[in-house]
Amino acid sequence: MVAEAEMAGRVVAELREACATPAPRLNEVAAAMEGEMTAGLREEGRSKIKMIISYVDNLPTGNEEGFFYALDLGGTNFRVLRVQLAGKEKRVAKRESKEVLIPPHLMSGSASELFSFIASAVAKFVANEERNDMPDGKQRELGFTFSFPVRQTSIASGTLIKWTKAFSIQDAVGENVVAELQTAMEKKAVNIHVAALINDTVGTLAAGRYNDEDVVVGVILGTGSNAAYVEEASAIPKLEGELPKSGNMVINTEWGNFSSSCLPITEYDQALDEESLNPGEQIFEKLISGMYLGEIVRRVLLKIALLSTLFGNVNHTKLKTRFILRTPDISAMHHDETPDLSFVAEKLADNLKIRDTSLETRKMVVEICDIVTSRSARLAAAGIVGILRKIGRGVPGDERRSVVAIDGGLFEHYTEFRQCLESTLVELLGEEASRSVAVKLTKDGSGLGAALIAAAAHSQYQH
Ligand code: ADP
Ligand code: MG
């Protein structure tokens with residue numbers, strides 16, 4: 001048994017070392033991120049991160065008024081939302097939304113099936129919400145949050161570059177997703193105009209800005225991960241045509257695809273990547289986002305189970321099942337404060353059929369969760385620092401207040417993750433400079449944010 005514990009101890013020690021993210025390494029990551037960002041702004045295809053021009057050059061001010069719709073497609077659920085904006089004082093006067101689960105077979109079927117399913121849900125929602133409360137007969141304006149990499153050609157058109165996360169619908173790649181949605185809705189006789197195509201990060205930035213004018217970065221830490229920020233239009237060589245009047249342009253970085261030799265990558269990450277839907281892609285996302293953290297932990301536990309009998313004489317079928325351990329599960333284990341780690345015992349039993357564990361073994365499981373999650377949170381912080389340095393924010397001598405709006409279940413619900421991210425920002429920016437940088441949980445960027453951008457786009461178009 002002693003030898004077994006040693007064996008497992010060695011696996012954990014090696015994991016700890018391979019996942020180490022001391023500050024100098026994170027500063028390298030931030031610098032590499034900044035470098036890739038600059039390259040990506042110069043010319044299409046110059047960088048691993050796409051630095052997509054969002055065509056959002058005006059963020060909401062708070063003065064917007066009227067009823068607006070939003071559609072959020074990006075994770076496992078999609079949502080339809082209707083808001084009534086009532087100007088500076090009253091802000092969001094009313095808000096209704098509905099969440100619909102996407103049947104898994106539609107995630108890898110055909111584009112027309114997916115969009116038809118979505119259009120039906122929108123039709124139902126609109127009919128239901130407007131029964132007692134018709135807006136003034138005008139055409140309905142909708143902001144479409146589509147959280148996949150898109151080559152945007154204007155504020156309301158863009159072609160899908162590739163799917164990420166759990167989606168893989170081949171006939172949609174290269175297509176204009178706004179046209180597909182608009183057509184599907186026309187087929188269902190829903191009178192809605194898709195006024196803006198946005199990414200959830202851009203929506204988060206907009207929703208953040210609506211409530212706080214110092215918001216300059218929006219970050220998603222949910223199933224996937226991405227970031228958007230406000231760039232000076234003159235710092236975007238690849239931006240063609242006239243510069244926007246505001247002088248600014250929101251850039252959707254698509255940082256999930258960042259990769260660099262300075263990233264701490266383990267054998268588990270490599271295997272996960274090779275067996276994924278998109279091998280070689282979204283390397284940064286695979287290290288930090290909620291879709292993958294539980295899966296990385298599962299792979300470590302499997303290795304230990306194969307090398308030792310610390311988990312008892314278990315059947316490995318469950319442990320070998322990909323994605324059976326989810327990030328909310330590792331979050332529950334990580335936050336277990338019972339003296340005998342009974343939540344850990346419960347999760348191991350329920351998810352993996354591991355029933356007889358010693359307290360020592362359960363502590364080891366918690367440590368594995370901690371190693372994987374800390375690496376994730378610290379890398380996310382390094383990415384944020386890369387963006388802040390790119391725009392000269394939160395650096396010595398900069399007096400401005402800078403706010404980072406963050407959305408996503410990983411950041412919202414995983415307390416250890418969130419605290420680690422926040423303390424790492426202070427560590428990297430320094431006590432002094434970090435005082436002018438704030439992080440704010442900004443929920444519903446992909447809903448409210450999209451509606452706000454539709455409103456801003458619509459009013460610009462009218463004037
Ligand atoms: P999406 O990213 O799909 O739009 P969310 O922002 O709600 O949706 O994020 C959902 C993701 O957040 C889940 O896939 C999961 O990885 C993570 N998550 C949700 N709840 C928790 C939790 N309690 N602890 C840790 N992570 C969580
Ligand atoms: Mg989301």
# chains A, B, ... in the order shown; residues from 1 in each chain; ligands from 1
>>> residues_near_ligand(ligand="ligand 1", cutoff="8 Å", atoms="only C-alpha atoms and all ligand atoms", output="ChimeraX atom specification")
/A:73-77,220-225,289-293,326-332,407-415
>>> residues_around(residues="stretch 184-196 of chain A", least_positions_apart="3", cutoff="7 Å", atoms="only C-alpha atoms", output="list in words")
Phe115, Ser116, Ala119, Ser120, Ala123, Gln139, Arg140, Glu141, Leu142, Gly143, Phe144, Ile155, Ala156, Val178, Glu180, Leu181, Ile453, Ala454, Ala457 and His458 of chain A
>>> select_by_dssp(residues="stretch 71-114 of chain A", states="helix (DSSP H, G or I)", output="PyMOL selection string")
chain A and resi 87-90+104-108+111-114
>>> residues_around(residues="stretch 420-429 of chain A", least_positions_apart="5", cutoff="8 Å", atoms="only C-alpha atoms", output="list in words")
Ala23, Leu26, Asn27, Ser374, Ala377, Arg378, Ala380, Ala381, Ala382, Val385, Gly394, Val395, Ser434 and Val439 of chain A
>>> write_last_selection(atoms="N, CA, C and O atoms", output="short mmCIF file (atom, residue, chain, number, x, y, z; two decimals), in the first residue's frame")
data_model
loop_
_atom_site.label_atom_id
_atom_site.label_comp_id
_atom_site.auth_asym_id
_atom_site.auth_seq_id
_atom_site.Cartn_x
_atom_site.Cartn_y
_atom_site.Cartn_z
N ALA A 23 4.81 33.57 -11.50
CA ALA A 23 4.58 34.87 -12.13
C ALA A 23 5.43 35.12 -13.38
O ALA A 23 4.90 35.62 -14.38
N LEU A 26 3.78 33.52 -16.22
CA LEU A 26 2.53 34.19 -16.60
C LEU A 26 2.81 35.49 -17.34
O LEU A 26 2.08 35.88 -18.25
N ASN A 27 3.87 36.17 -16.93
CA ASN A 27 4.23 37.41 -17.65
C ASN A 27 4.64 37.09 -19.09
O ASN A 27 4.34 37.86 -20.00
N SER A 374 -6.36 26.02 -10.54
CA SER A 374 -5.47 27.17 -10.33
C SER A 374 -4.75 27.52 -11.62
O SER A 374 -4.61 28.70 -11.97
N ALA A 377 -7.25 29.40 -13.78
CA ALA A 377 -7.55 30.77 -13.33
C ALA A 377 -6.35 31.69 -13.54
O ALA A 377 -6.50 32.84 -13.95
N ARG A 378 -5.15 31.15 -13.29
CA ARG A 378 -3.96 31.98 -13.43
C ARG A 378 -3.67 32.29 -14.91
O ARG A 378 -3.27 33.40 -15.25
N ALA A 380 -5.99 32.49 -17.22
CA ALA A 380 -7.01 33.46 -17.63
C ALA A 380 -6.60 34.86 -17.18
O ALA A 380 -6.73 35.83 -17.95
N ALA A 381 -6.07 34.97 -15.97
CA ALA A 381 -5.60 36.27 -15.48
C ALA A 381 -4.47 36.80 -16.36
O ALA A 381 -4.43 37.99 -16.70
N ALA A 382 -3.57 35.92 -16.76
CA ALA A 382 -2.46 36.35 -17.62
C ALA A 382 -2.99 36.88 -18.96
O ALA A 382 -2.49 37.88 -19.49
N VAL A 385 -4.30 40.33 -18.40
CA VAL A 385 -3.19 41.27 -18.26
C VAL A 385 -2.59 41.59 -19.63
O VAL A 385 -2.24 42.74 -19.93
N GLY A 394 -4.09 49.82 -16.57
CA GLY A 394 -3.63 49.10 -15.38
C GLY A 394 -2.12 48.98 -15.31
O GLY A 394 -1.59 48.10 -14.64
N VAL A 395 -1.45 49.85 -16.07
CA VAL A 395 0.02 49.83 -16.05
C VAL A 395 0.50 51.05 -15.25
O VAL A 395 -0.25 52.00 -15.08
N SER A 434 -2.95 47.68 -9.63
CA SER A 434 -4.17 46.86 -9.64
C SER A 434 -5.32 47.56 -8.93
O SER A 434 -6.47 47.15 -9.09
N VAL A 439 -12.72 43.94 -11.45
CA VAL A 439 -13.34 42.83 -12.17
C VAL A 439 -14.80 42.78 -11.73
O VAL A 439 -15.09 42.88 -10.55
#
>>> closest_residue(among="A:Val219, A:Leu160, A:Ile384, A:Ala8", to="ligand 2", atoms="only C-alpha atoms and all ligand atoms")
A:Val219
>>> residues_around(residues="A:Lys390", least_positions_apart="6", cutoff="12 Å", atoms="only C-alpha atoms", output="number ranges by chain")
A: 30-39, 41, 216-217, 229-232, 235, 383-384
>>> residues_around(residues="stretch 10-19 of chain A", least_positions_apart="5", cutoff="7 Å", atoms="only C-alpha atoms", output="short mmCIF file (atom, residue, chain, number, x, y, z; two decimals) with all heavy atoms, in the first residue's frame")
data_model
loop_
_atom_site.label_atom_id
_atom_site.label_comp_id
_atom_site.auth_asym_id
_atom_site.auth_seq_id
_atom_site.Cartn_x
_atom_site.Cartn_y
_atom_site.Cartn_z
N PRO A 264 1.86 25.97 -19.97
CA PRO A 264 2.17 24.72 -19.28
C PRO A 264 1.23 23.61 -19.73
O PRO A 264 0.08 23.56 -19.32
CB PRO A 264 1.94 25.06 -17.80
CG PRO A 264 0.97 26.19 -17.82
CD PRO A 264 1.10 26.91 -19.13
N ILE A 265 1.71 22.75 -20.61
CA ILE A 265 0.86 21.70 -21.18
C ILE A 265 1.32 20.32 -20.72
O ILE A 265 2.52 20.01 -20.79
CB ILE A 265 0.84 21.82 -22.72
CG1 ILE A 265 0.06 23.10 -23.06
CG2 ILE A 265 0.20 20.60 -23.38
CD1 ILE A 265 -0.08 23.41 -24.51
N THR A 266 0.37 19.53 -20.25
CA THR A 266 0.71 18.21 -19.69
C THR A 266 0.35 17.09 -20.67
O THR A 266 -0.33 17.32 -21.67
CB THR A 266 -0.08 17.95 -18.41
OG1 THR A 266 -1.47 17.84 -18.76
CG2 THR A 266 0.09 19.08 -17.40
N ILE A 368 -5.81 17.58 -6.75
CA ILE A 368 -5.78 17.53 -8.22
C ILE A 368 -6.73 18.59 -8.81
O ILE A 368 -6.37 19.31 -9.74
CB ILE A 368 -6.16 16.10 -8.72
CG1 ILE A 368 -5.05 15.13 -8.29
CG2 ILE A 368 -6.33 16.07 -10.23
CD1 ILE A 368 -5.44 13.66 -8.44
N ILE A 371 -4.99 21.92 -8.46
CA ILE A 371 -3.90 22.14 -9.41
C ILE A 371 -4.46 22.54 -10.79
O ILE A 371 -4.02 23.51 -11.41
CB ILE A 371 -3.02 20.86 -9.56
CG1 ILE A 371 -2.28 20.59 -8.25
CG2 ILE A 371 -2.06 20.99 -10.73
CD1 ILE A 371 -1.58 19.22 -8.21
N ARG A 375 -4.29 26.50 -12.31
CA ARG A 375 -3.62 26.77 -13.58
C ARG A 375 -4.56 27.52 -14.51
O ARG A 375 -4.19 28.50 -15.15
CB ARG A 375 -3.18 25.45 -14.23
CG ARG A 375 -2.54 25.65 -15.59
CD ARG A 375 -2.17 24.34 -16.26
NE ARG A 375 -3.33 23.53 -16.62
CZ ARG A 375 -3.31 22.53 -17.49
NH1 ARG A 375 -2.17 22.20 -18.09
NH2 ARG A 375 -4.40 21.83 -17.74
#
>>> residues_around(residues="stretch 250-260 of chain A", least_positions_apart="5", cutoff="6 Å", atoms="only C-alpha atoms", output="PyMOL selection string")
chain A and resi 48-54+56+225-231+281-285
>>> write_last_selection(atoms="all heavy atoms", output="short mmCIF file (atom, residue, chain, number, x, y, z; two decimals), in the first residue's frame")
data_model
loop_
_atom_site.label_atom_id
_atom_site.label_comp_id
_atom_site.auth_asym_id
_atom_site.auth_seq_id
_atom_site.Cartn_x
_atom_site.Cartn_y
_atom_site.Cartn_z
N LYS A 48 -2.49 33.32 -34.48
CA LYS A 48 -3.36 32.23 -34.06
C LYS A 48 -4.68 32.78 -33.55
O LYS A 48 -5.70 32.12 -33.61
CB LYS A 48 -2.69 31.45 -32.93
CG LYS A 48 -1.52 30.63 -33.41
CD LYS A 48 -1.46 29.34 -32.62
CE LYS A 48 -0.45 28.40 -33.22
NZ LYS A 48 0.93 28.81 -32.90
N ILE A 49 -4.63 33.98 -32.99
CA ILE A 49 -5.89 34.54 -32.53
C ILE A 49 -6.39 35.53 -33.58
O ILE A 49 -5.65 36.34 -34.11
CB ILE A 49 -5.80 35.14 -31.11
CG1 ILE A 49 -4.79 36.24 -30.98
CG2 ILE A 49 -5.48 34.04 -30.11
CD1 ILE A 49 -4.80 36.88 -29.59
N LYS A 50 -7.67 35.40 -33.89
CA LYS A 50 -8.18 36.03 -35.10
C LYS A 50 -8.37 37.53 -34.99
O LYS A 50 -8.40 38.23 -36.00
CB LYS A 50 -9.50 35.37 -35.50
CG LYS A 50 -9.28 33.92 -35.90
CD LYS A 50 -10.26 33.48 -36.97
CE LYS A 50 -9.63 32.45 -37.88
NZ LYS A 50 -9.22 31.23 -37.18
N MET A 51 -8.54 38.06 -33.78
CA MET A 51 -8.72 39.51 -33.61
C MET A 51 -9.79 40.03 -34.58
O MET A 51 -9.54 40.86 -35.45
CB MET A 51 -7.39 40.24 -33.82
CG MET A 51 -6.30 39.79 -32.87
SD MET A 51 -6.71 40.06 -31.13
CE MET A 51 -6.38 41.79 -30.95
N ILE A 52 -10.98 39.49 -34.42
CA ILE A 52 -12.07 39.78 -35.35
C ILE A 52 -12.64 41.19 -35.12
O ILE A 52 -12.93 41.58 -34.00
CB ILE A 52 -13.18 38.72 -35.19
CG1 ILE A 52 -12.63 37.35 -35.60
CG2 ILE A 52 -14.43 39.07 -35.99
CD1 ILE A 52 -13.49 36.19 -35.17
N ILE A 53 -12.78 41.91 -36.23
CA ILE A 53 -13.39 43.24 -36.16
C ILE A 53 -14.90 43.03 -35.99
O ILE A 53 -15.53 42.38 -36.82
CB ILE A 53 -13.08 44.02 -37.45
CG1 ILE A 53 -11.57 44.29 -37.52
CG2 ILE A 53 -13.88 45.32 -37.52
CD1 ILE A 53 -11.10 44.81 -38.85
N SER A 54 -15.47 43.56 -34.92
CA SER A 54 -16.88 43.28 -34.62
C SER A 54 -17.84 44.22 -35.34
O SER A 54 -19.03 43.96 -35.39
CB SER A 54 -17.12 43.42 -33.12
OG SER A 54 -17.02 44.79 -32.76
N VAL A 56 -18.74 46.79 -34.15
CA VAL A 56 -19.39 47.55 -33.07
C VAL A 56 -18.43 48.68 -32.72
O VAL A 56 -17.36 48.44 -32.17
CB VAL A 56 -19.67 46.66 -31.84
CG1 VAL A 56 -20.18 47.50 -30.67
CG2 VAL A 56 -20.67 45.56 -32.20
N SER A 225 -14.05 29.86 -23.63
CA SER A 225 -13.46 31.10 -23.13
C SER A 225 -13.05 32.01 -24.28
O SER A 225 -12.56 31.54 -25.30
CB SER A 225 -12.24 30.81 -22.25
OG SER A 225 -11.73 32.04 -21.77
N ASN A 226 -13.26 33.28 -24.06
CA ASN A 226 -12.94 34.27 -25.08
C ASN A 226 -12.90 35.65 -24.42
O ASN A 226 -13.33 35.80 -23.28
CB ASN A 226 -14.00 34.23 -26.20
CG ASN A 226 -13.62 35.03 -27.42
OD1 ASN A 226 -12.48 35.51 -27.56
ND2 ASN A 226 -14.57 35.21 -28.33
N ALA A 227 -12.38 36.64 -25.17
CA ALA A 227 -12.34 38.00 -24.64
C ALA A 227 -12.51 39.00 -25.77
O ALA A 227 -12.13 38.74 -26.91
CB ALA A 227 -11.01 38.25 -23.93
N ALA A 228 -13.12 40.14 -25.43
CA ALA A 228 -13.26 41.26 -26.37
C ALA A 228 -12.83 42.52 -25.65
O ALA A 228 -12.88 42.58 -24.42
CB ALA A 228 -14.71 41.39 -26.84
N TYR A 229 -12.41 43.52 -26.40
CA TYR A 229 -12.00 44.76 -25.74
C TYR A 229 -12.14 45.92 -26.71
O TYR A 229 -12.34 45.74 -27.92
CB TYR A 229 -10.55 44.64 -25.24
CG TYR A 229 -9.54 44.67 -26.35
CD1 TYR A 229 -8.78 45.82 -26.59
CD2 TYR A 229 -9.35 43.58 -27.20
CE1 TYR A 229 -7.87 45.87 -27.64
CE2 TYR A 229 -8.45 43.62 -28.24
CZ TYR A 229 -7.71 44.77 -28.45
OH TYR A 229 -6.81 44.82 -29.49
N VAL A 230 -12.04 47.12 -26.17
CA VAL A 230 -12.16 48.33 -26.98
C VAL A 230 -10.77 48.75 -27.45
O VAL A 230 -9.90 49.04 -26.64
CB VAL A 230 -12.81 49.48 -26.18
CG1 VAL A 230 -12.98 50.70 -27.07
CG2 VAL A 230 -14.14 49.04 -25.58
N GLU A 231 -10.59 48.72 -28.77
CA GLU A 231 -9.30 49.09 -29.36
C GLU A 231 -9.43 50.44 -30.05
O GLU A 231 -10.53 50.84 -30.45
CB GLU A 231 -8.89 48.01 -30.38
CG GLU A 231 -7.54 48.18 -31.04
CD GLU A 231 -6.37 48.27 -30.06
OE1 GLU A 231 -6.13 49.40 -29.55
OE2 GLU A 231 -5.71 47.25 -29.80
N GLU A 281 -6.55 22.77 -32.14
CA GLU A 281 -7.18 24.10 -32.07
C GLU A 281 -7.64 24.40 -30.65
O GLU A 281 -7.79 23.51 -29.83
CB GLU A 281 -8.38 24.15 -33.02
CG GLU A 281 -7.95 24.06 -34.47
CD GLU A 281 -9.14 24.00 -35.41
OE1 GLU A 281 -10.27 24.29 -34.98
OE2 GLU A 281 -8.92 23.65 -36.57
N GLN A 282 -7.89 25.70 -30.41
CA GLN A 282 -8.45 26.15 -29.12
C GLN A 282 -7.62 25.63 -27.94
O GLN A 282 -8.16 25.18 -26.93
CB GLN A 282 -9.92 25.70 -28.99
CG GLN A 282 -10.84 26.22 -30.09
CD GLN A 282 -11.02 27.72 -30.09
OE1 GLN A 282 -10.48 28.42 -30.96
NE2 GLN A 282 -11.74 28.27 -29.13
N ILE A 283 -6.32 25.71 -28.05
CA ILE A 283 -5.45 25.17 -27.01
C ILE A 283 -5.62 25.94 -25.69
O ILE A 283 -5.72 25.34 -24.62
CB ILE A 283 -3.96 25.20 -27.46
CG1 ILE A 283 -3.77 24.33 -28.71
CG2 ILE A 283 -3.04 24.75 -26.33
CD1 ILE A 283 -4.13 22.85 -28.54
N PHE A 284 -5.66 27.26 -25.76
CA PHE A 284 -5.84 28.06 -24.53
C PHE A 284 -7.19 27.72 -23.88
O PHE A 284 -7.27 27.49 -22.68
CB PHE A 284 -5.77 29.56 -24.90
CG PHE A 284 -5.60 30.50 -23.72
CD1 PHE A 284 -4.54 30.37 -22.83
CD2 PHE A 284 -6.50 31.56 -23.54
CE1 PHE A 284 -4.38 31.27 -21.77
CE2 PHE A 284 -6.35 32.45 -22.49
CZ PHE A 284 -5.29 32.31 -21.60
N GLU A 285 -8.22 27.65 -24.72
CA GLU A 285 -9.56 27.30 -24.21
C GLU A 285 -9.56 25.94 -23.53
O GLU A 285 -10.20 25.75 -22.50
CB GLU A 285 -10.56 27.32 -25.37
CG GLU A 285 -11.98 26.94 -24.97
CD GLU A 285 -12.98 27.25 -26.08
OE1 GLU A 285 -13.17 26.44 -26.99
OE2 GLU A 285 -13.58 28.34 -26.02
#
>>> residues_around(residues="A:Lys124", least_positions_apart="2", cutoff="12 Å", atoms="only C-alpha atoms", output="VMD selection string")
chain A and resid 80 97 to 98 100 117 to 122 126 to 131 185 188 to 190
>>> select_by_dssp(residues="stretch 162-267 of chain A", states="strand (DSSP E)", output="PyMOL selection string")
chain A and resi 192-198+215-221+225-232+248-252
>>> write_last_selection(atoms="C-alpha atoms", output="mmCIF file, in the first residue's frame")
data_model
loop_
_atom_site.group_PDB
_atom_site.id
_atom_site.type_symbol
_atom_site.label_atom_id
_atom_site.label_comp_id
_atom_site.auth_asym_id
_atom_site.auth_seq_id
_atom_site.Cartn_x
_atom_site.Cartn_y
_atom_site.Cartn_z
ATOM 1 C CA ILE A 192 -38.022 40.042 -36.777
ATOM 2 C CA HIS A 193 -35.056 41.841 -38.246
ATOM 3 C CA VAL A 194 -31.623 40.568 -37.221
ATOM 4 C CA ALA A 195 -29.963 43.931 -36.599
ATOM 5 C CA ALA A 196 -26.685 42.772 -35.138
ATOM 6 C CA LEU A 197 -24.564 39.668 -35.064
ATOM 7 C CA ILE A 198 -22.410 39.606 -32.023
ATOM 8 C CA VAL A 215 -15.680 48.825 -18.754
ATOM 9 C CA VAL A 216 -13.051 48.215 -21.463
ATOM 10 C CA VAL A 217 -12.717 44.441 -21.575
ATOM 11 C CA GLY A 218 -15.312 41.656 -21.673
ATOM 12 C CA VAL A 219 -14.350 38.084 -20.880
ATOM 13 C CA ILE A 220 -16.233 34.810 -21.054
ATOM 14 C CA LEU A 221 -15.309 32.014 -18.699
ATOM 15 C CA SER A 225 -13.459 31.099 -23.128
ATOM 16 C CA ASN A 226 -12.937 34.270 -25.081
ATOM 17 C CA ALA A 227 -12.343 37.999 -24.640
ATOM 18 C CA ALA A 228 -13.256 41.259 -26.374
ATOM 19 C CA TYR A 229 -11.997 44.756 -25.738
ATOM 20 C CA VAL A 230 -12.156 48.325 -26.981
ATOM 21 C CA GLU A 231 -9.297 49.088 -29.357
ATOM 22 C CA GLU A 232 -8.342 52.372 -30.942
ATOM 23 C CA ASN A 248 -12.935 53.035 -31.403
ATOM 24 C CA MET A 249 -13.635 49.520 -32.516
ATOM 25 C CA VAL A 250 -14.554 46.524 -30.427
ATOM 26 C CA ILE A 251 -12.298 43.584 -31.199
ATOM 27 C CA ASN A 252 -13.331 40.012 -30.550
#
>>> atom_distance(atom1="atom CA of A:Val314", atom2="atom CA of A:Lys353")
7.3 Å
>>> atom_distance(atom1="atom CA of A:Val404", atom2="atom CA of A:Leu205")
8.2 Å
>>> closest_residue(among="A:Thr21, A:Thr201, A:Asn278, A:Thr361", to="ligand 2", atoms="only C-alpha atoms and all ligand atoms")
A:Thr201
>>> atom_distance(atom1="atom CA of A:Pro279", atom2="atom CA of A:Ser168")
13.0 Å
>>> closest_residue(among="A:Gly430, A:Gly449, A:Gly87, A:Gly241", to="ligand 2", atoms="only C-alpha atoms and all ligand atoms")
A:Gly449
